[in-house]
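Asker: Next comes the structure file structure_27.cif, holding mmCIF, C-alpha atoms and all ligand atoms.
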data_input
#
loop_
_atom_site.label_atom_id
_atom_site.label_comp_id
_atom_site.auth_asym_id
_atom_site.auth_seq_id
_atom_site.Cartn_x
_atom_site.Cartn_y
_atom_site.Cartn_z
CA MET A 27 0.00 0.00 0.00
CA ILE A 28 1.20 3.53 -0.76
CA ILE A 29 0.04 6.66 1.04
CA ILE A 30 0.46 9.74 -1.15
CA LEU A 31 0.79 12.85 1.02
CA LYS A 32 -0.58 16.30 0.27
CA LYS A 33 2.02 18.83 -0.93
CA ASP A 34 1.78 21.04 2.15
CA ALA A 35 1.44 18.16 4.64
CA ASP A 36 2.14 19.26 8.22
CA PRO A 37 5.34 17.41 9.32
CA LYS A 38 3.92 16.86 12.83
CA GLN A 39 0.85 15.13 11.45
CA VAL A 40 3.00 13.07 9.10
CA GLU A 41 5.07 12.03 12.09
CA SER A 42 1.99 10.89 13.97
CA LEU A 43 0.81 8.96 10.89
CA VAL A 44 4.21 7.22 10.77
CA LYS A 45 3.88 6.33 14.45
CA TRP A 46 0.32 5.08 13.90
CA LEU A 47 1.62 2.79 11.13
CA LYS A 48 4.51 1.50 13.25
CA ASP A 49 2.10 0.74 16.10
CA ARG A 50 0.30 -1.52 13.63
CA HIS A 51 3.58 -3.32 12.75
CA ILE A 52 3.76 -1.62 9.35
CA THR A 53 7.20 -0.47 8.22
CA PRO A 54 6.82 2.98 6.64
CA ASN A 55 9.19 3.81 3.83
CA ILE A 56 9.18 7.56 3.11
CA SER A 57 10.18 8.63 -0.37
CA THR A 58 10.42 12.37 -0.98
CA GLY A 59 10.35 13.07 -4.68
CA GLU A 60 10.21 16.22 -6.77
CA ARG A 61 6.53 15.78 -7.55
CA GLU A 62 5.16 14.10 -4.43
CA THR A 63 5.99 12.51 -1.11
CA LEU A 64 4.97 8.91 -0.56
CA ILE A 65 4.87 6.57 2.38
CA GLY A 66 5.31 2.99 1.21
CA CYS A 67 3.83 0.58 3.73
CA ILE A 68 5.44 -2.82 4.18
CA GLY A 69 3.74 -5.42 6.31
CA ASP A 70 0.32 -6.92 6.70
CA VAL A 71 -1.85 -4.08 5.39
CA ALA A 72 -4.82 -6.33 4.66
CA LYS A 73 -6.45 -5.62 8.00
CA MET A 74 -5.74 -1.88 7.90
CA ASP A 75 -8.68 0.52 7.68
CA ILE A 76 -7.89 2.39 4.46
CA GLY A 77 -10.84 4.73 4.99
CA LEU A 78 -9.31 5.91 8.24
CA VAL A 79 -5.99 6.77 6.55
CA GLN A 80 -7.73 8.36 3.58
CA ALA A 81 -9.66 10.67 5.90
CA LEU A 82 -6.50 12.22 7.39
CA SER A 83 -5.94 15.83 6.36
CA VAL A 84 -2.31 15.18 5.28
CA VAL A 85 -3.28 12.35 2.92
CA GLU A 86 -3.91 12.99 -0.77
CA ARG A 87 -4.84 9.39 -1.63
CA VAL A 88 -4.09 5.76 -0.80
CA GLN A 89 -3.13 3.21 -3.45
CA ARG A 90 -2.92 -0.56 -3.10
CA ILE A 91 0.01 -2.32 -4.82
CA GLN A 92 -0.92 -5.43 -6.77
CA GLU A 93 2.62 -6.75 -7.27
CA PRO A 94 4.02 -9.02 -4.55
CA TYR A 95 7.26 -7.00 -4.40
CA LYS A 96 6.94 -3.76 -2.48
CA ALA A 97 10.33 -2.29 -1.52
CA ALA A 98 11.75 -3.07 -4.98
CA ASN A 99 8.67 -1.65 -6.71
CA ARG A 100 8.95 1.54 -8.76
CA LYS A 101 5.50 2.59 -7.50
CA PHE A 102 6.91 2.60 -4.00
CA HIS A 103 9.94 4.67 -4.90
CA PRO A 104 9.37 6.59 -8.16
CA GLU A 105 12.93 7.98 -8.38
CA ASP A 106 15.83 5.80 -9.57
CA SER A 107 17.88 4.40 -6.69
CA VAL A 108 21.59 5.09 -6.50
CA VAL A 109 23.77 2.40 -4.94
CA ASP A 110 26.99 3.71 -3.44
CA CYS A 111 29.81 1.17 -3.81
CA SER A 112 32.43 2.69 -1.49
CA GLY A 113 32.17 6.04 -3.25
CA VAL A 114 31.52 4.69 -6.76
CA LYS A 115 27.86 5.36 -7.51
CA ILE A 116 25.66 3.18 -9.72
CA GLY A 117 22.20 4.21 -10.93
CA ALA A 118 20.22 7.38 -11.77
CA GLY A 119 22.60 8.31 -14.57
CA ASN A 120 25.76 7.08 -12.81
CA PHE A 121 27.22 4.47 -15.18
CA GLN A 122 30.11 2.20 -14.16
CA VAL A 123 32.07 -0.71 -15.58
CA ILE A 124 33.11 -3.56 -13.28
CA ALA A 125 35.93 -5.68 -14.74
CA GLY A 126 38.33 -8.43 -13.75
CA PRO A 127 38.90 -12.16 -14.04
CA CYS A 128 36.34 -14.85 -13.37
CA SER A 129 38.53 -16.21 -10.56
CA VAL A 130 41.32 -14.83 -8.46
CA GLU A 131 44.38 -16.97 -9.31
CA SER A 132 47.45 -15.18 -7.90
CA VAL A 133 48.67 -11.78 -6.68
CA GLU A 134 50.50 -11.10 -9.96
CA GLN A 135 47.46 -12.01 -12.07
CA MET A 136 45.03 -9.97 -9.97
CA VAL A 137 47.15 -6.86 -9.50
CA GLY A 138 48.20 -6.90 -13.18
CA ILE A 139 44.62 -7.16 -14.43
CA ALA A 140 43.41 -4.57 -11.91
CA LYS A 141 45.97 -2.05 -13.18
CA SER A 142 45.13 -2.64 -16.82
CA VAL A 143 41.34 -2.48 -16.43
CA LYS A 144 41.68 0.66 -14.32
CA ALA A 145 43.82 2.29 -17.00
CA ALA A 146 41.12 1.44 -19.55
CA GLY A 147 38.40 3.08 -17.43
CA ALA A 148 36.93 0.36 -15.21
CA THR A 149 35.81 1.76 -11.86
CA LEU A 150 35.25 -1.46 -9.90
CA LEU A 151 37.21 -4.71 -9.80
CA ARG A 152 35.70 -8.19 -9.93
CA GLY A 153 37.23 -11.56 -9.10
CA GLY A 154 35.80 -14.77 -7.69
CA ALA A 155 37.34 -16.22 -4.52
CA PHE A 156 34.56 -18.72 -3.81
CA LYS A 157 33.49 -20.21 -7.14
CA PRO A 158 30.23 -22.02 -7.93
CA ARG A 159 31.37 -24.67 -10.42
CA THR A 160 29.22 -27.22 -12.21
CA SER A 161 31.86 -29.90 -11.70
CA PRO A 162 33.23 -30.74 -8.26
CA TYR A 163 36.54 -31.53 -9.99
CA ALA A 164 36.91 -28.03 -11.45
CA PHE A 165 38.91 -25.24 -9.74
CA GLN A 166 36.80 -24.13 -6.76
CA GLY A 167 38.54 -20.79 -6.13
CA LEU A 168 41.19 -19.75 -3.61
CA GLY A 169 38.63 -19.02 -0.89
CA GLN A 170 39.89 -16.77 1.92
CA ARG A 171 43.29 -16.33 0.22
CA GLY A 172 41.42 -15.08 -2.85
CA ILE A 173 39.80 -12.32 -0.82
CA GLU A 174 43.19 -11.32 0.63
CA ILE A 175 44.56 -11.06 -2.91
CA LEU A 176 41.58 -8.95 -4.01
CA LEU A 177 42.30 -6.61 -1.10
CA GLU A 178 45.91 -6.30 -2.25
CA ALA A 179 44.72 -5.38 -5.74
CA LYS A 180 42.36 -2.83 -4.17
CA LYS A 181 45.25 -1.35 -2.20
CA GLU A 182 47.35 -1.07 -5.37
CA THR A 183 44.65 0.50 -7.53
CA GLY A 184 42.00 2.00 -5.25
CA LEU A 185 39.29 0.07 -7.11
CA PRO A 186 36.43 -1.18 -4.89
CA ILE A 187 36.05 -4.96 -5.14
CA VAL A 188 33.11 -7.16 -6.10
CA THR A 189 33.17 -10.85 -5.18
CA GLU A 190 30.71 -13.70 -4.75
CA LEU A 191 29.40 -14.99 -1.42
CA MET A 192 28.20 -18.58 -1.65
CA SER A 193 27.71 -19.52 1.96
CA ILE A 194 26.41 -17.73 5.06
CA GLU A 195 29.35 -18.81 7.21
CA HIS A 196 31.80 -16.98 4.93
CA LEU A 197 30.20 -13.56 5.51
CA PRO A 198 32.75 -12.53 8.22
CA LEU A 199 35.50 -12.91 5.58
CA PHE A 200 33.72 -10.23 3.50
CA ASN A 201 34.20 -7.34 5.99
CA ASP A 202 36.48 -5.40 3.63
CA VAL A 203 34.72 -6.40 0.42
CA ASP A 204 32.88 -3.47 -1.18
CA VAL A 205 30.14 -5.25 -3.15
CA ILE A 206 28.81 -8.75 -2.41
CA GLN A 207 27.74 -10.75 -5.44
CA ILE A 208 24.97 -13.32 -5.08
CA GLY A 209 25.39 -15.61 -8.08
CA ALA A 210 22.75 -16.95 -10.45
CA ARG A 211 22.74 -20.33 -8.73
CA ASN A 212 21.98 -18.75 -5.37
CA MET A 213 19.34 -16.27 -6.50
CA GLN A 214 16.72 -18.25 -4.62
CA ASN A 215 18.85 -19.31 -1.67
CA PHE A 216 16.45 -17.53 0.64
CA ASP A 217 18.50 -18.04 3.81
CA LEU A 218 21.51 -16.43 2.11
CA LEU A 219 19.34 -13.54 0.87
CA LYS A 220 17.95 -12.94 4.37
CA GLU A 221 21.49 -13.01 5.77
CA VAL A 222 22.87 -10.37 3.38
CA GLY A 223 19.73 -8.36 4.05
CA SER A 224 19.99 -8.38 7.82
CA MET A 225 23.72 -8.70 8.57
CA THR A 226 25.12 -6.04 6.24
CA LYS A 227 24.28 -2.83 4.40
CA LYS A 228 26.92 -3.49 1.74
CA PRO A 229 25.72 -3.25 -1.88
CA ILE A 230 24.47 -6.58 -3.21
CA LEU A 231 24.88 -7.50 -6.87
CA LEU A 232 22.03 -9.95 -7.30
CA LYS A 233 22.30 -12.10 -10.42
CA ARG A 234 19.24 -13.45 -12.19
CA GLY A 235 18.88 -17.22 -11.94
CA MET A 236 19.26 -19.03 -15.25
CA SER A 237 15.57 -19.77 -15.51
CA ALA A 238 14.17 -17.08 -13.25
CA THR A 239 11.39 -14.74 -14.32
CA LEU A 240 11.76 -11.04 -13.60
CA GLN A 241 9.13 -11.37 -10.89
CA GLU A 242 11.21 -14.08 -9.22
CA LEU A 243 14.32 -11.87 -9.50
CA LEU A 244 12.44 -8.97 -7.94
CA MET A 245 11.09 -11.19 -5.17
CA SER A 246 14.68 -12.22 -4.37
CA ALA A 247 15.64 -8.54 -4.23
CA GLU A 248 12.63 -8.08 -1.96
CA TYR A 249 13.99 -10.70 0.45
CA ILE A 250 17.20 -8.67 0.85
CA MET A 251 15.40 -5.34 1.13
CA ALA A 252 12.69 -6.58 3.50
CA SER A 253 15.46 -7.92 5.74
CA GLY A 254 16.94 -4.42 6.03
CA ASN A 255 19.39 -3.83 3.19
CA PRO A 256 18.10 -1.44 0.48
CA ASN A 257 21.35 -1.51 -1.53
CA VAL A 258 20.49 -4.03 -4.21
CA MET A 259 21.48 -4.07 -7.91
CA LEU A 260 19.80 -6.42 -10.38
CA CYS A 261 22.10 -8.25 -12.78
CA GLU A 262 21.09 -9.94 -16.02
CA ARG A 263 23.65 -12.64 -16.91
CA GLY A 264 21.79 -14.54 -19.61
CA ILE A 265 19.05 -17.09 -19.30
CA ARG A 266 18.84 -20.68 -20.45
CA THR A 267 16.78 -21.21 -23.59
CA PHE A 268 16.61 -23.84 -26.38
CA GLU A 269 19.53 -22.07 -28.11
CA THR A 270 22.92 -23.76 -27.80
CA ALA A 271 25.11 -21.58 -30.05
CA MET A 272 25.80 -19.24 -27.14
CA ARG A 273 26.43 -20.19 -23.51
CA ASN A 274 23.18 -18.44 -22.54
CA THR A 275 20.70 -16.10 -24.21
CA ILE A 276 21.24 -12.45 -23.35
CA ASP A 277 17.96 -10.79 -22.44
CA LEU A 278 18.49 -7.06 -22.93
CA THR A 279 14.76 -6.36 -22.83
CA VAL A 280 15.11 -6.59 -19.06
CA ILE A 281 16.75 -3.16 -18.99
CA PRO A 282 13.67 -1.09 -19.92
CA MET A 283 11.34 -3.63 -18.32
CA LEU A 284 13.12 -3.76 -14.95
CA LYS A 285 13.34 0.03 -14.98
CA ARG A 286 9.59 0.18 -15.46
CA LEU A 287 8.93 -2.29 -12.65
CA SER A 288 11.65 -1.26 -10.22
CA HIS A 289 13.82 1.66 -9.14
CA LEU A 290 16.91 -0.52 -8.58
CA PRO A 291 20.00 -0.19 -10.82
CA VAL A 292 20.32 -2.70 -13.65
CA VAL A 293 23.70 -4.31 -14.37
CA ILE A 294 24.41 -6.39 -17.48
CA ASP A 295 26.94 -9.23 -17.63
CA PRO A 296 27.64 -9.96 -21.31
CA SER A 297 30.47 -12.37 -20.44
CA HIS A 298 28.35 -15.09 -18.81
CA ALA A 299 25.40 -14.20 -21.02
CA THR A 300 27.27 -15.06 -24.22
CA GLY A 301 30.18 -17.33 -23.26
CA TYR A 302 32.50 -16.06 -26.02
CA SER A 303 34.89 -13.13 -25.78
CA TYR A 304 34.09 -12.05 -29.37
CA LEU A 305 30.41 -11.60 -28.42
CA VAL A 306 31.11 -9.50 -25.35
CA GLU A 307 31.81 -6.16 -27.08
CA PRO A 308 28.67 -6.08 -29.28
CA CYS A 309 26.45 -7.13 -26.38
CA ALA A 310 28.10 -4.67 -23.98
CA MET A 311 27.46 -1.92 -26.55
CA GLY A 312 23.85 -3.03 -26.91
CA ALA A 313 23.39 -3.02 -23.14
CA THR A 314 24.95 0.44 -22.87
CA ALA A 315 22.71 1.80 -25.63
CA MET A 316 19.65 0.31 -23.93
CA GLY A 317 20.37 2.16 -20.70
CA ALA A 318 22.15 -0.31 -18.41
CA ASP A 319 23.47 1.34 -15.24
CA ALA A 320 26.59 -0.80 -15.19
CA LEU A 321 28.38 -3.62 -17.00
CA ILE A 322 30.33 -6.46 -15.44
CA ILE A 323 32.99 -7.86 -17.76
CA GLU A 324 35.43 -10.77 -17.40
CA VAL A 325 39.00 -9.81 -18.34
CA HIS A 326 42.04 -12.09 -18.12
CA ASN A 327 45.70 -11.42 -18.96
CA ASP A 328 46.04 -14.91 -20.45
CA PRO A 329 42.55 -16.24 -21.32
CA ALA A 330 43.93 -19.47 -22.83
CA HIS A 331 45.33 -20.46 -19.44
CA ALA A 332 42.59 -19.02 -17.20
CA LEU A 333 41.47 -21.40 -14.44
CA CYS A 334 37.84 -20.51 -15.12
CA ASP A 335 35.82 -19.00 -18.00
CA GLY A 336 38.80 -18.26 -20.29
CA VAL A 337 36.73 -18.58 -23.48
CA GLN A 338 34.53 -15.65 -22.53
CA SER A 339 37.30 -13.52 -21.04
CA GLN A 340 38.50 -10.47 -22.93
CA THR A 341 42.19 -9.64 -22.99
CA PRO A 342 43.10 -6.26 -21.46
CA GLU A 343 43.59 -4.96 -25.04
CA MET A 344 40.11 -6.04 -26.13
CA PHE A 345 38.70 -4.48 -22.99
CA ALA A 346 40.47 -1.16 -23.57
CA GLU A 347 39.21 -0.99 -27.15
CA MET A 348 35.67 -1.81 -26.07
CA MET A 349 35.74 0.84 -23.35
CA GLN A 350 36.46 3.55 -25.92
CA LYS A 351 33.40 2.52 -27.92
CA ILE A 352 31.25 2.33 -24.80
CA ASN A 353 32.31 5.78 -23.67
CA ALA A 354 31.51 7.18 -27.12
CA LEU A 355 28.06 5.56 -26.98
CA ARG A 356 27.11 6.67 -23.47
CA PRO A 357 25.66 10.10 -24.38
CA TYR A 358 23.14 8.36 -26.69
CA ALA A 359 22.02 5.74 -24.16
CA TRP A 360 18.28 5.30 -23.70
CA LYS A 361 16.88 6.98 -20.61
CA ARG A 362 13.57 6.30 -18.95
C1 LIG B 1 30.60 -15.19 -12.04
O1 LIG B 1 30.31 -14.01 -12.00
O2 LIG B 1 31.78 -15.61 -12.18
C2 LIG B 1 29.53 -16.21 -11.99
C3 LIG B 1 29.74 -17.45 -11.57
O3 LIG B 1 28.35 -15.72 -12.42
P1 LIG B 1 26.89 -16.38 -12.54
O4 LIG B 1 26.40 -16.57 -11.14
O5 LIG B 1 26.12 -15.34 -13.28
O6 LIG B 1 27.02 -17.66 -13.31
MN MN B 2 32.83 -16.51 -14.59
#
Could I get this file's structure written as structure tokens?
Answerer:
Amino acid sequence: MIIILKKDADPKQVESLVKWLKDRHITPNISTGERETLIGCIGDVAKMDIGLVQALSVVERVQRIQEPYKAANRKFHPEDSVVDCSGVKIGAGNFQVIAGPCSVESVEQMVGIAKSVKAAGATLLRGGAFKPRTSPYAFQGLGQRGIEILLEAKKETGLPIVTELMSIEHLPLFNDVDVIQIGARNMQNFDLLKEVGSMTKKPILLKRGMSATLQELLMSAEYIMASGNPNVMLCERGIRTFETAMRNTIDLTVIPMLKRLSHLPVVIDPSHATGYSYLVEPCAMGATAMGADALIIEVHNDPAHALCDGVQSQTPEMFAEMMQKINALRPYAWKR
């Protein structure tokens, strides 16, 4: 439910309305926009007397929300959200490129790649320490040592780091991580979502599950937000379809659609979405043109010998060339 306040609403009366809502175990979410001020109500509003609220002198009107996601809903929060990743802002016109290898392999690899992607214009650094692999025999990541290496690369370059959390018990190792990634395979790990919602306010890069609908993605974002962390970014990383020519099918329609449904920033991952380094540039350009708030790109200094996802990893040279094209395209990007 949304309560739309009158323009000249008396702050004291608004305060008492907020208290009245809290007394009824409703969490009020106040959003002050240019055009109007709203109070989004989260909780069991079914038993609430709407007539009573509507009759208050500060209330313009009351609107019920049909969609099951509330906090993530654009109706709840008409302005675009900005997620602050240790000073690097994503959303509402702030565009960023996250780049780095699939997996952290060594200090030399990580620091070398961090320096080259930074020089090319990347503003955040990615690298997997805990890796979700289809095969139990494949490289599983360096774990805690991987995070230490990421922090060294951050110290060398100043780039905030993005890395995946797979298990609740690893959260204490993420104290100095700037952005926590929840991978496609864990999009509906509800215990993990509740944990990153309640135990931290760090930005969460939430990846769409391989066969998840947008409503399911938004409901997963809702889990994090309803648990107390509003800093969520939605990431499209390709979905599984009947097509086998590409690793996944990139669904760029989600950019305008998610922006219609939600106020959260939209990030596109053309590396996992396509599976081939030669497809990354055209899809990254498409995503930029369609108004993505950020891109996340896999870059490796020696893709042929990468321990994970080498085929889809750009070389630093490819990345630098792509960045020039993306920067040239940015002024023409679609805006809502
Ligand atoms: C990754 O970013 O390396 C990764 C495993 O991504 P996804 O969860 O999208 O497969
Ligand atoms: Mn990968």
Asker: Kindly work out which residues sit at most 7 Å from ligand LIG 1 (chain B), using all atoms listed in the file, and give the list as a PyMOL selection string.
Answerer: chain A and resi 128-129+154+157-158+209-211+233+263+298
Asker: Find the residues near Ala179 of chain A: any atom within 12 Å, counting all atoms listed in the file, skip ones fewer than 2 places away on the same chain, and give them as a ChimeraX atom specification.
Answerer: /A:126,130,132-144,150-153,172-177,181-188,203
Asker: Show me which residues line ligand MN 2 (chain B), defined as having an atom within 12 Å of a ligand atom where only C-alpha atoms and all ligand atoms count, and present them as number ranges by chain.
Answerer: A: 125-130, 152-160, 165-167, 189-190, 207, 209-210, 263, 273, 295-303, 322-326, 329, 332-340
Asker: Can you work out which one of A:Ser107, A:Thr58, A:Thr239, A:Gln214 has the shortest atom-to-atom distance to Glu262 of chain A, counting only C-alpha atoms?
Answerer: A:Thr239
Asker: Figure out the distance between atom CA of Arg286 of chain A and atom CA of Val84 of chain A, please, to one decimal in Å.
Answerer: 28.2 Å
Asker: All heavy atoms are needed for segment 165-176 of chain A; please write them out as a CSV table (one decimal), in the frame of the given file.
Answerer:
chain,number,residue,atom,x,y,z
A,165,PHE,N,38.3,-26.2,-10.7
A,165,PHE,CA,38.9,-25.2,-9.7
A,165,PHE,C,37.8,-24.5,-8.9
A,165,PHE,O,36.9,-23.9,-9.5
A,165,PHE,CB,39.7,-24.2,-10.5
A,165,PHE,CG,40.3,-23.1,-9.7
A,165,PHE,CD1,41.2,-23.4,-8.6
A,165,PHE,CD2,40.0,-21.8,-10.0
A,165,PHE,CE1,41.7,-22.3,-7.9
A,165,PHE,CE2,40.6,-20.7,-9.2
A,165,PHE,CZ,41.4,-21.0,-8.2
A,166,GLN,N,37.9,-24.6,-7.6
A,166,GLN,CA,36.8,-24.1,-6.8
A,166,GLN,C,37.1,-22.7,-6.2
A,166,GLN,O,36.3,-22.2,-5.4
A,166,GLN,CB,36.6,-25.1,-5.6
A,166,GLN,CG,36.3,-26.5,-6.0
A,166,GLN,CD,34.9,-26.7,-6.5
A,166,GLN,OE1,33.9,-26.3,-5.9
A,166,GLN,NE2,34.8,-27.3,-7.7
A,167,GLY,N,38.2,-22.1,-6.6
A,167,GLY,CA,38.5,-20.8,-6.1
A,167,GLY,C,39.5,-20.9,-5.0
A,167,GLY,O,39.6,-21.9,-4.3
A,168,LEU,N,40.2,-19.7,-4.7
A,168,LEU,CA,41.2,-19.8,-3.6
A,168,LEU,C,40.6,-19.5,-2.2
A,168,LEU,O,41.3,-19.5,-1.2
A,168,LEU,CB,42.3,-18.7,-3.9
A,168,LEU,CG,43.1,-18.9,-5.2
A,168,LEU,CD1,44.2,-17.8,-5.3
A,168,LEU,CD2,43.8,-20.3,-5.2
A,169,GLY,N,39.3,-19.2,-2.2
A,169,GLY,CA,38.6,-19.0,-0.9
A,169,GLY,C,39.2,-17.8,-0.2
A,169,GLY,O,39.4,-16.7,-0.8
A,170,GLN,N,39.5,-17.9,1.1
A,170,GLN,CA,39.9,-16.8,1.9
A,170,GLN,C,41.1,-16.1,1.3
A,170,GLN,O,41.2,-14.9,1.3
A,170,GLN,CB,40.2,-17.2,3.3
A,170,GLN,CG,40.6,-16.1,4.3
A,170,GLN,CD,40.6,-16.5,5.7
A,170,GLN,OE1,40.4,-17.7,6.1
A,170,GLN,NE2,40.9,-15.6,6.6
A,171,ARG,N,42.1,-16.9,0.8
A,171,ARG,CA,43.3,-16.3,0.2
A,171,ARG,C,42.9,-15.4,-1.0
A,171,ARG,O,43.5,-14.4,-1.2
A,171,ARG,CB,44.2,-17.5,-0.2
A,171,ARG,CG,45.5,-17.0,-0.9
A,171,ARG,CD,46.5,-16.3,0.1
A,171,ARG,NE,47.6,-15.7,-0.7
A,171,ARG,CZ,47.9,-14.4,-0.5
A,171,ARG,NH1,47.3,-13.6,0.4
A,171,ARG,NH2,48.9,-13.9,-1.2
A,172,GLY,N,41.9,-15.9,-1.7
A,172,GLY,CA,41.4,-15.1,-2.8
A,172,GLY,C,41.0,-13.7,-2.4
A,172,GLY,O,41.2,-12.7,-3.1
A,173,ILE,N,40.3,-13.6,-1.3
A,173,ILE,CA,39.8,-12.3,-0.8
A,173,ILE,C,41.0,-11.5,-0.4
A,173,ILE,O,41.1,-10.3,-0.7
A,173,ILE,CB,38.8,-12.5,0.3
A,173,ILE,CG1,37.5,-13.2,-0.3
A,173,ILE,CG2,38.4,-11.2,1.0
A,173,ILE,CD1,36.3,-13.2,0.6
A,174,GLU,N,42.0,-12.1,0.2
A,174,GLU,CA,43.2,-11.3,0.6
A,174,GLU,C,43.9,-10.7,-0.6
A,174,GLU,O,44.3,-9.6,-0.6
A,174,GLU,CB,44.2,-12.2,1.4
A,174,GLU,CG,43.7,-12.6,2.8
A,174,GLU,CD,44.4,-13.8,3.4
A,174,GLU,OE1,45.4,-14.3,2.8
A,174,GLU,OE2,43.9,-14.3,4.4
A,175,ILE,N,43.9,-11.5,-1.7
A,175,ILE,CA,44.6,-11.1,-2.9
A,175,ILE,C,43.8,-9.9,-3.5
A,175,ILE,O,44.3,-8.9,-4.0
A,175,ILE,CB,44.7,-12.2,-3.9
A,175,ILE,CG1,45.7,-13.3,-3.3
A,175,ILE,CG2,45.2,-11.7,-5.3
A,175,ILE,CD1,45.9,-14.5,-4.2
A,176,LEU,N,42.4,-10.0,-3.5
A,176,LEU,CA,41.6,-9.0,-4.0
A,176,LEU,C,41.9,-7.7,-3.2
A,176,LEU,O,41.9,-6.6,-3.8
A,176,LEU,CB,40.1,-9.3,-3.9
A,176,LEU,CG,39.5,-10.2,-4.9
A,176,LEU,CD1,38.1,-10.7,-4.5
A,176,LEU,CD2,39.3,-9.5,-6.3
